[in-house]
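A quick write-up on the structure given underneath.
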Amino acid sequence: MADQLYLSLWYPNFRLEALPAALEKVMEQFAAVGGSARVSAATVYPISWNETPTWQRVYRNETDDEESSPRAVIAAAMENAHEDYAWEFELIWELWVPEQAAGFDTMWRHEPRAVSVVGFGPAFDEGAYETNGHIPSISASIPLSLRRHGPGRGRRGAGQGERGAPVDFTNRIQKNGGISTRLLWSESGESLARKLIERLQQVN
């Protein structure tokens with residue numbers, strides 16, 4: 001079972017001109033906690049989520065590596081920025097996920113999970129940023145049962161810290177992102193998300 005987690009960020013005296021640097025900083029912190037350092041897809045929405053995207057690109061090949069860096073993708077997507085636009089960037093997070101079968105021990109496998117980083121223009125969807133944040137940065141389906149270490153590894157092995165990675169990411173944003181407010185929340189409001197929120201409150 002997985003839970004959809006969200007992390008909403010608000011910035012002081014925020015302007016559209018500051019959005020590219022803020023988005024790049026968020027993706028930088030994401031890579032620092034084990035997420036992908038490359039963007040896999042980007043989409044630009046005008047006015048509201050109901051409208052047809054004005055720009056979209058998927059990065060799949062090794063030849064796209066340079067062009068898929070956060071700075072390059074953000075620059076391309078925001079070349080013709082408007083205040084009533086929203087920008088969605090997809091990155092990949094590799095997690096250890098349990099695979100169970102009757103009569104057998106639990107097997108663990110690496111599974112990619114898509115993470116969306118979204119930036120709102122101030123006029124997009126009638127000022128959606130006021131409720132959702134200037135950057136509702138993490139939107140990811142996270143398994144409620146995660147292995148803190150990779151199979152056969154010790155405390156520093158593969159998969160270390162994945163259960164707390166959303167908290168680690170949030171703390172890095174709090175320290176390095178220049179934000180004024182942040183909110184970690186989920187669709188269910190319980191299970192892993194609740195534990196993460198409780199831990200976040202303990203460490204702050």
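Labeling convention for the structure tokens: chains A, B, ... as they appear, residues from 1 per chain, ligands from 1 in order of appearance.
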
Env of A:Ile179: 9 Å cut, atoms = only C-alpha atoms, seq-sep filter 4 positions within chain, self excluded. Answer as a short mmCIF file (atom, residue, chain, number, x, y, z; two decimals) with all heavy atoms, in the first residue's frame.
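Full text of result_24.cif as output:
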data_model
loop_
_atom_site.label_atom_id
_atom_site.label_comp_id
_atom_site.auth_asym_id
_atom_site.auth_seq_id
_atom_site.Cartn_x
_atom_site.Cartn_y
_atom_site.Cartn_z
N LEU A 9 5.39 24.61 -0.34
CA LEU A 9 6.35 25.62 0.09
C LEU A 9 5.84 27.01 -0.26
O LEU A 9 5.34 27.24 -1.36
CB LEU A 9 7.71 25.41 -0.60
CG LEU A 9 8.33 24.01 -0.48
CD1 LEU A 9 9.60 23.95 -1.31
CD2 LEU A 9 8.62 23.68 0.98
N TRP A 10 6.00 27.94 0.68
CA TRP A 10 5.70 29.34 0.44
C TRP A 10 6.96 30.17 0.68
O TRP A 10 7.76 29.85 1.56
CB TRP A 10 4.60 29.83 1.39
CG TRP A 10 3.23 29.31 1.09
CD1 TRP A 10 2.26 29.90 0.34
CD2 TRP A 10 2.67 28.06 1.54
NE1 TRP A 10 1.13 29.10 0.30
CE2 TRP A 10 1.35 27.97 1.03
CE3 TRP A 10 3.16 27.01 2.33
CZ2 TRP A 10 0.52 26.89 1.28
CZ3 TRP A 10 2.34 25.93 2.57
CH2 TRP A 10 1.03 25.86 2.06
N TYR A 11 7.12 31.24 -0.13
CA TYR A 11 8.31 32.08 -0.06
C TYR A 11 7.91 33.51 0.29
O TYR A 11 6.85 33.99 -0.12
CB TYR A 11 9.04 32.08 -1.41
CG TYR A 11 9.63 30.74 -1.77
CD1 TYR A 11 8.84 29.71 -2.28
CD2 TYR A 11 10.99 30.49 -1.63
CE1 TYR A 11 9.38 28.48 -2.61
CE2 TYR A 11 11.55 29.27 -1.97
CZ TYR A 11 10.73 28.27 -2.46
OH TYR A 11 11.27 27.06 -2.79
N PRO A 12 8.76 34.23 1.01
CA PRO A 12 8.44 35.62 1.36
C PRO A 12 8.60 36.55 0.16
O PRO A 12 9.56 36.43 -0.61
CB PRO A 12 9.47 35.95 2.45
CG PRO A 12 10.64 35.06 2.15
CD PRO A 12 10.05 33.78 1.60
N ILE A 173 15.23 21.69 2.70
CA ILE A 173 14.54 22.85 2.14
C ILE A 173 14.40 23.95 3.19
O ILE A 173 14.60 25.14 2.92
CB ILE A 173 13.15 22.44 1.61
CG1 ILE A 173 13.30 21.58 0.35
CG2 ILE A 173 12.29 23.67 1.32
CD1 ILE A 173 13.82 22.31 -0.86
N GLN A 174 14.05 23.54 4.41
CA GLN A 174 13.91 24.51 5.50
C GLN A 174 15.21 25.26 5.73
O GLN A 174 15.22 26.47 5.96
CB GLN A 174 13.51 23.77 6.78
CG GLN A 174 13.27 24.67 7.99
CD GLN A 174 11.95 25.42 7.90
OE1 GLN A 174 10.97 24.88 7.42
NE2 GLN A 174 11.94 26.66 8.36
N LYS A 175 16.33 24.55 5.63
CA LYS A 175 17.64 25.15 5.90
C LYS A 175 18.19 25.94 4.72
O LYS A 175 18.78 27.02 4.91
CB LYS A 175 18.63 24.04 6.27
CG LYS A 175 20.03 24.55 6.60
CD LYS A 175 20.93 23.39 6.99
CE LYS A 175 22.35 23.90 7.29
NZ LYS A 175 23.25 22.77 7.67
#

Quiz item: Got a sec: who's within 12 Å of A:Thr52, counting only C-alpha atoms, leaving out chain neighbours fewer than 5 positions off, as a PyMOL selection string?
Solution: chain A and resi 43-47+85-86

Pull N, CA and C atoms from the residues just selected and write them as a short mmCIF file (atom, residue, chain, number, x, y, z; two decimals), in the first residue's frame.
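Listing of part_34.cif after writing:
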data_model
loop_
_atom_site.label_atom_id
_atom_site.label_comp_id
_atom_site.auth_asym_id
_atom_site.auth_seq_id
_atom_site.Cartn_x
_atom_site.Cartn_y
_atom_site.Cartn_z
N THR A 43 6.14 19.77 -18.23
CA THR A 43 4.89 20.20 -18.85
C THR A 43 4.53 21.59 -18.37
N VAL A 44 4.01 22.40 -19.27
CA VAL A 44 3.56 23.76 -18.93
C VAL A 44 2.05 23.85 -19.14
N TYR A 45 1.34 24.27 -18.09
CA TYR A 45 -0.12 24.41 -18.15
C TYR A 45 -0.51 25.89 -18.09
N PRO A 46 -1.41 26.34 -18.97
CA PRO A 46 -1.90 27.72 -18.90
C PRO A 46 -3.20 27.82 -18.12
N ILE A 47 -3.34 28.84 -17.34
CA ILE A 47 -4.60 29.24 -16.69
C ILE A 47 -5.06 28.28 -15.58
N TYR A 85 0.54 30.73 -15.59
CA TYR A 85 1.04 29.41 -15.98
C TYR A 85 1.44 28.61 -14.74
N ALA A 86 1.47 27.28 -14.91
CA ALA A 86 2.06 26.38 -13.92
C ALA A 86 3.05 25.48 -14.64
#

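Proximity to stretch 20-30 of chain A at 8 Å, evaluated using only C-alpha atoms and with sequence-adjacent residues fewer than 2 positions away removed, yields Glu17, Ala18, Ala32, Val33, Gly34, Gly35, Ser36, Ala37, Pro70, Arg71, Ile74, Ala75, Met78, Val117, Gly119, Ile135, Ser137, Phe169, Arg172, Ile173 and Gly177 of chain A.
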
Write a file of the selected residues as a compact mmCIF listing (two decimals), in the first residue's frame, keeping N, CA, C and O atoms.
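See again39.txt below for the written result:
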# COMPACT_ATOMS: atom_id res chain seq x y z
N GLU A 17 9.73 36.13 -11.25
CA GLU A 17 11.13 36.13 -11.70
C GLU A 17 12.01 35.25 -10.82
O GLU A 17 13.07 34.79 -11.25
N ALA A 18 11.58 35.02 -9.59
CA ALA A 18 12.37 34.21 -8.66
C ALA A 18 12.07 32.73 -8.75
O ALA A 18 12.77 31.92 -8.14
N ALA A 32 20.05 15.57 -3.38
CA ALA A 32 20.93 15.37 -2.23
C ALA A 32 20.42 14.29 -1.28
O ALA A 32 21.20 13.75 -0.49
N VAL A 33 19.12 13.94 -1.34
CA VAL A 33 18.58 12.89 -0.47
C VAL A 33 18.31 11.60 -1.25
O VAL A 33 17.55 10.75 -0.81
N GLY A 34 18.92 11.46 -2.43
CA GLY A 34 18.83 10.22 -3.17
C GLY A 34 17.91 10.22 -4.37
O GLY A 34 17.76 9.20 -5.04
N GLY A 35 17.30 11.36 -4.66
CA GLY A 35 16.45 11.45 -5.84
C GLY A 35 17.28 11.66 -7.10
O GLY A 35 18.49 11.88 -7.04
N SER A 36 16.62 11.60 -8.24
CA SER A 36 17.31 11.78 -9.51
C SER A 36 17.82 13.21 -9.65
O SER A 36 17.19 14.17 -9.22
N ALA A 37 18.99 13.34 -10.28
CA ALA A 37 19.55 14.66 -10.57
C ALA A 37 19.17 15.12 -11.97
O ALA A 37 19.64 16.16 -12.43
N PRO A 70 18.28 20.02 -14.36
CA PRO A 70 17.22 20.93 -13.89
C PRO A 70 17.34 22.34 -14.46
O PRO A 70 16.33 22.91 -14.91
N ARG A 71 18.53 22.90 -14.48
CA ARG A 71 18.69 24.28 -14.96
C ARG A 71 18.27 24.41 -16.43
O ARG A 71 17.56 25.35 -16.81
N ILE A 74 14.34 23.81 -16.80
CA ILE A 74 13.58 24.96 -16.27
C ILE A 74 13.67 26.14 -17.23
O ILE A 74 12.68 26.81 -17.51
N ALA A 75 14.87 26.40 -17.76
CA ALA A 75 15.04 27.51 -18.70
C ALA A 75 14.21 27.30 -19.96
O ALA A 75 13.57 28.24 -20.47
N MET A 78 10.38 27.62 -19.11
CA MET A 78 9.95 28.96 -18.68
C MET A 78 10.41 30.06 -19.63
O MET A 78 10.42 31.23 -19.27
N VAL A 117 7.53 18.00 -9.26
CA VAL A 117 7.88 19.29 -8.68
C VAL A 117 7.13 20.34 -9.49
O VAL A 117 7.33 20.44 -10.71
N GLY A 119 5.68 24.38 -9.97
CA GLY A 119 5.77 25.79 -9.62
C GLY A 119 4.56 26.54 -10.16
O GLY A 119 4.16 26.33 -11.32
N ILE A 135 5.50 26.54 -4.50
CA ILE A 135 6.02 25.28 -5.05
C ILE A 135 5.49 24.13 -4.19
O ILE A 135 6.03 23.86 -3.11
N SER A 137 6.14 21.05 -3.81
CA SER A 137 7.28 20.43 -4.49
C SER A 137 7.28 18.92 -4.54
O SER A 137 7.59 18.35 -5.56
N PHE A 169 14.49 15.63 3.20
CA PHE A 169 14.30 16.60 2.12
C PHE A 169 13.67 17.89 2.66
O PHE A 169 14.11 19.00 2.36
N ARG A 172 16.16 19.90 4.62
CA ARG A 172 17.13 20.57 3.74
C ARG A 172 16.50 21.81 3.11
O ARG A 172 17.15 22.85 2.97
N ILE A 173 15.23 21.69 2.70
CA ILE A 173 14.54 22.85 2.14
C ILE A 173 14.40 23.95 3.19
O ILE A 173 14.60 25.14 2.92
N GLY A 177 16.45 26.52 1.46
CA GLY A 177 15.55 26.95 0.40
C GLY A 177 15.07 28.37 0.46
O GLY A 177 14.42 28.84 -0.48

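Omitting A:Glu66 and its sequence neighbours fewer than 6 positions away, and counting only C-alpha atoms, the residues within 12 Å are Ala37, Arg38, Val39, Ser40, Tyr59, Arg60, Ala72 and Val73 of chain A.
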
Practice problem: Determine the nearest neighbour of A:Ala77 from the options A:Ala31, A:Leu91, A:Ala42, A:Ala114, counting only C-alpha atoms. | Solution: A:Ala42

Exercise. Can you check which residues of stretch 8-108 of chain A DSSP gives as helix (DSSP H, G or I) on the backbone and send them as a ChimeraX atom specification?
Key: /A:16-32,62-64,70-77
